[in-house]
Structures are given as C-alpha cells and as structure tokens.
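Chemist: Can you read through this structure? Questions will come right after.
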Amino acid sequence: MGAFSDHTRATLPVHVAHGRTPGPAMFLTAAVHGNEIIGVEVIRRVLRLKGLKRLRGTLLCVPIVNIFGFISQNRYLPDRRDLNRSFPGSPTGSLAGQMAHLLLNEVITRCDYGIDLHSAAIHRSNLPQIRMAEGDPELIELAKAFSPPLIMQAKLRKGSMREAAQEKGVKVLLYEAGEALRFDEFSVRVGLRGVLGVMRHLGMLPQQKSAPKRTPPLVSHKSIWVRAPSAGLLRAYRTRGEVIEAGQLLGIISDPLGDSEWEVISPQAGIIIGRSELPVINQGDALFHVAEIARPVAAEGAVENLESEISSDPLFDEDEIL
C-alpha cells in the first residue's frame, strides 16, 4: 500500500476467519477516517470471540484502513483527501485513490455483505445509528438485525465506499457512533451487539438460545443541522438521544463578557442524533443534528430502554472476555 515518507512500509492488515462450513462472506472495516477509532475496538472484540469457532462462511476484518490518519490522529490522508470520497479509486491515482482501489478490489468485492464502522468528526458525538441506502428491502432487514437506536435511510454519497460497493453488488451498512479519538462503552457495545446480530441473521453464527427482547429501532428519512445564530460560548441543554419538539430550546449562546445571549431553537420535532461537543463556536457552526421520526412523543424513552438492554444483555450464550 506504499510507504511513509521515511520509507517505512505502510500495510493494510486484514484478519480473515474461515468457517468450517460454507456461508456468506462479510467484511468489517474501521478507521476509514483515521481518527474514528470506536470501530477499531468493535473489531478487536469481535476477533476475541470464542463463538467464531462456530462461524459459517468467511469474515474479513480490516480494523485500521487509513493507517496514515490513524497514526497522526487525523481524519484525512497526508494529502488532505477524504478516503470515503475517493472510491472506486485507481491503481495509478492519488494516495487516496490507490488505497480505495486496493480496498475495493482486495476486500470488498470478495464479500457479499459488509459493515463499515465510523464515529462523528472531531469535537462532535453521534447517537449510535445505522445509515443505509434507500429502497433496499434486504438492507432494511440487515439494519433491523443490527438493532441500533436509529436507522437513517438516505441517498448514497458520490465517491463513498457504500456507493462503490453497491455498484459491485455488495450490501453495506454504515455504523455511526460516538466521537472521534474517544471510546465510549455504550457505542462500542451497540456496535458489537449489532455486528453479531447481522451475522446471526445471515446464518454466519448460531442464534442465541434465549435471545432477549429488544427495542425496535426508530427510522428516519430526513435530518437537519441546527446552526449557531451567533458566535460565542454554547451552553447545551439537550444531548444525543433526546426527543424534542419544534420550537424547543436546545441551548444558549453567550458572548464571553455576558452582555448578550442568543437562543438555539429547533425548527422541527425529532430526535437528536448528533451534537457539537465544543462550547467555543462561530456563527453558522453545526450544533445539533436532528432527525425526523414518526410519532416523536411515542419514541420518548427508546434510547433509555436500549441503554438498559445493553447493560444487561449478555450478548453471548457463553462467558466471553470483552
């Protein structure tokens, strides 16, 4: 995959687990954006599972795709390109294009399914959620098997891994959770439980003997960012996972001297699926990511129920070390 500027070799480590019996092939990728490390921990825990001895089919795991960004704790590649806008890539193009081409042809196209693990950008946090292409019944069933708090259906972005995979006939879910350069146990456990849920749905792992009842995911087809009406210091009153009403106060922006204040108001009802974690803001900064959902009032408590499920869900039938 090339080398660093000191001629140290840069590699793309892939862990391949083959089951003893035939079955689907699925990939797991993380750190496509180098500072999004929650997926790295999810894959580490998957690979430690004793249950993989009962695997049907093949699992290809790439815990660190963007090794350049991972080492420098940066979202991008050294040339500032976004790897997830560089697919399908080219063997003779930019570094991003070459990496995208390698991943697509050596990993993704060898699989039937895939889960790409992400987190929010720096200084933002995301509610655990699955993002998927619209209008694909099989992907909807996979997303439900993942069982996140929220499923976001939206159009694919040009140059993304999912777009390139879809053109090759590979079904891919994108998991978004947590914050860049940070672990949070809830996001990791939702991701781990989700990966296992998809593998069980596909028959790659046996079903749990006593599967606990799970809260059905909320579904959204549209979201907006509520932006800062002025610069200053943000005091946020709402956080990710909270269901809000149109016109509700989300926070207050103050100037450092305390002379002026501006209210941050949500223009629509929905659920907060992401927010800024940085109190120092500029005018126009994205502060709260609000997803439209059906019957917002009925969704109250859904995330709290899931948090309770995650804390009590054994995930496995045997005692596993996480």
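We label chains A, B, ... in the order they appear in the structure tokens, count residues from 1 in each chain, and number ligands from 1 in the order shown.
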As a PyMOL selection string, please: the residues near Leu104 (chain A) (cut-off 10 Å, only C-alpha atoms, same-chain neighbours under 5 positions excluded).

Modeler: chain A and resi 87-89+98-99+109-110+161+164-165+168

Chemist: Name all residues at most 9 Å from Arg182 (chain A) (count only C-alpha atoms; drop same-chain ones fewer than 6 positions away) and give them as a list of chain:residue names.

Modeler: A:Asn35, A:Glu36, A:Ile37, A:Ile38

Chemist: List as a PDB file with C-alpha atoms, in the first residue's frame the protein and nucleic acid residues near region 293-295 of chain A, meaning an atom at most 9 Å away when only C-alpha atoms are counted, but skip any in the same chain fewer than 2 places from it.

Modeler:
```
ATOM      1  CA  LEU A 218     -36.504   4.314  15.176  1.00  0.00           C
ATOM      2  CA  VAL A 219     -36.461   5.065  11.431  1.00  0.00           C
ATOM      3  CA  SER A 220     -35.735   8.394   9.759  1.00  0.00           C
ATOM      4  CA  HIS A 221     -35.522   9.554   6.156  1.00  0.00           C
ATOM      5  CA  LYS A 222     -34.544  13.175   6.770  1.00  0.00           C
ATOM      6  CA  ALA A 269     -39.531  17.903  16.074  1.00  0.00           C
ATOM      7  CA  GLY A 270     -37.411  14.767  16.131  1.00  0.00           C
ATOM      8  CA  ILE A 271     -34.559  13.093  17.950  1.00  0.00           C
ATOM      9  CA  ALA A 291     -33.606  13.513  12.650  1.00  0.00           C
ATOM     10  CA  VAL A 297     -43.806  11.542  21.581  1.00  0.00           C
ATOM     11  CA  ALA A 298     -44.151   7.750  21.316  1.00  0.00           C
ATOM     12  CA  ALA A 299     -40.374   7.498  20.888  1.00  0.00           C
TER      13      ALA A 299
END
```

Chemist: Would you list the contacts of Leu257 (chain A) as a VMD selection string, taking every protein, DNA or RNA residue within 12 Å and counting only C-alpha atoms, but skipping same-chain residues closer than 4 positions in sequence?

Modeler: chain A and resid 232 to 233 253 261

Chemist: If you count only C-alpha atoms, which residues fall within 10 Å of Arg157 (chain A), apart from same-chain ones fewer than 6 positions away, as a compact mmCIF listing (two decimals) with N, CA and C atoms, in the first residue's frame?

Modeler:
```
# COMPACT_ATOMS: atom_id res chain seq x y z
N ASN A 84 -13.13 8.27 2.09
CA ASN A 84 -14.51 7.86 1.83
C ASN A 84 -15.21 8.72 0.79
N ARG A 85 -14.46 9.53 0.08
CA ARG A 85 -14.96 10.24 -1.10
C ARG A 85 -14.07 9.94 -2.30
N ALA A 133 -28.67 2.76 2.30
CA ALA A 133 -29.27 3.26 1.08
C ALA A 133 -30.78 3.04 1.11
N GLU A 163 -21.31 3.47 -2.06
CA GLU A 163 -21.71 3.62 -3.46
C GLU A 163 -20.94 2.65 -4.34
N ALA A 164 -19.61 2.58 -4.15
CA ALA A 164 -18.79 1.67 -4.95
C ALA A 164 -19.16 0.22 -4.69
```

Chemist: Can you tell me how far CA of Arg235 (chain A) sits from CA of Pro267 (chain A), in Å to one decimal?

Modeler: 18.4 Å

Chemist: Could you name the residues that touch Val190 (chain A) at 8 Å or less, counting only C-alpha atoms, but leaving out those on the same chain fewer than 6 positions away, as a list of chain:residue names?

Modeler: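 The residues that qualify are A:Pro128, A:Pro148, A:Ile310.
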
Chemist: I'd like to know which residues of region 28-115 of chain A are helix (DSSP H, G or I) (by DSSP, run on the backbone); could you write them as a PyMOL selection string?

Modeler: chain A and resi 38-47+50-54+67-72+83-85+95-106+108-110

Chemist: Could you pull out the residues in region 44-110 of chain A that DSSP calls strand (DSSP E or B) from the backbone, as a PDB file with C-alpha atoms, in the first residue's frame?

Modeler:
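See result_24.pdb below for the written result:
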```pdb
ATOM      1  CA  ARG A  56     -20.171 -20.357   8.806  1.00  0.00           C
ATOM      2  CA  GLY A  57     -18.702 -18.623   5.775  1.00  0.00           C
ATOM      3  CA  THR A  58     -15.905 -16.049   5.872  1.00  0.00           C
ATOM      4  CA  LEU A  59     -15.289 -12.888   7.879  1.00  0.00           C
ATOM      5  CA  LEU A  60     -12.719 -10.347   6.616  1.00  0.00           C
ATOM      6  CA  CYS A  61     -11.741  -7.718   9.202  1.00  0.00           C
ATOM      7  CA  VAL A  62      -9.761  -4.561   8.442  1.00  0.00           C
TER       8      VAL A  62
END
```

Chemist: Which of these residues is nearest to Ile244 (chain A), using only C-alpha atoms: A:Gly203, A:Pro256, A:Pro229, A:Gly301?

Modeler: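 Looking at the shortest contact to Ile244 (chain A), the residue is A:Gly301.
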
Chemist: Just give me the gap between CA of Ser254 (chain A) and CA of Ile224 (chain A) in Å, one decimal is fine.

Modeler: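 Taking CA of Ser254 (chain A) as the start and CA of Ile224 (chain A) as the end point, the length is 23.1 Å.
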
Chemist: Which residues are close to Ala228 (chain A), i.e. within 8 Å by only C-alpha atoms, leaving aside same-chain residues fewer than 2 positions away? Reply as a list in words.

Modeler: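 Those residues are Val226, Ser230, Ala231, Ile253, Val264, Ile281, Asn282, Gln283, Gly284, Asp285, Ala286 and Leu287 of chain A.
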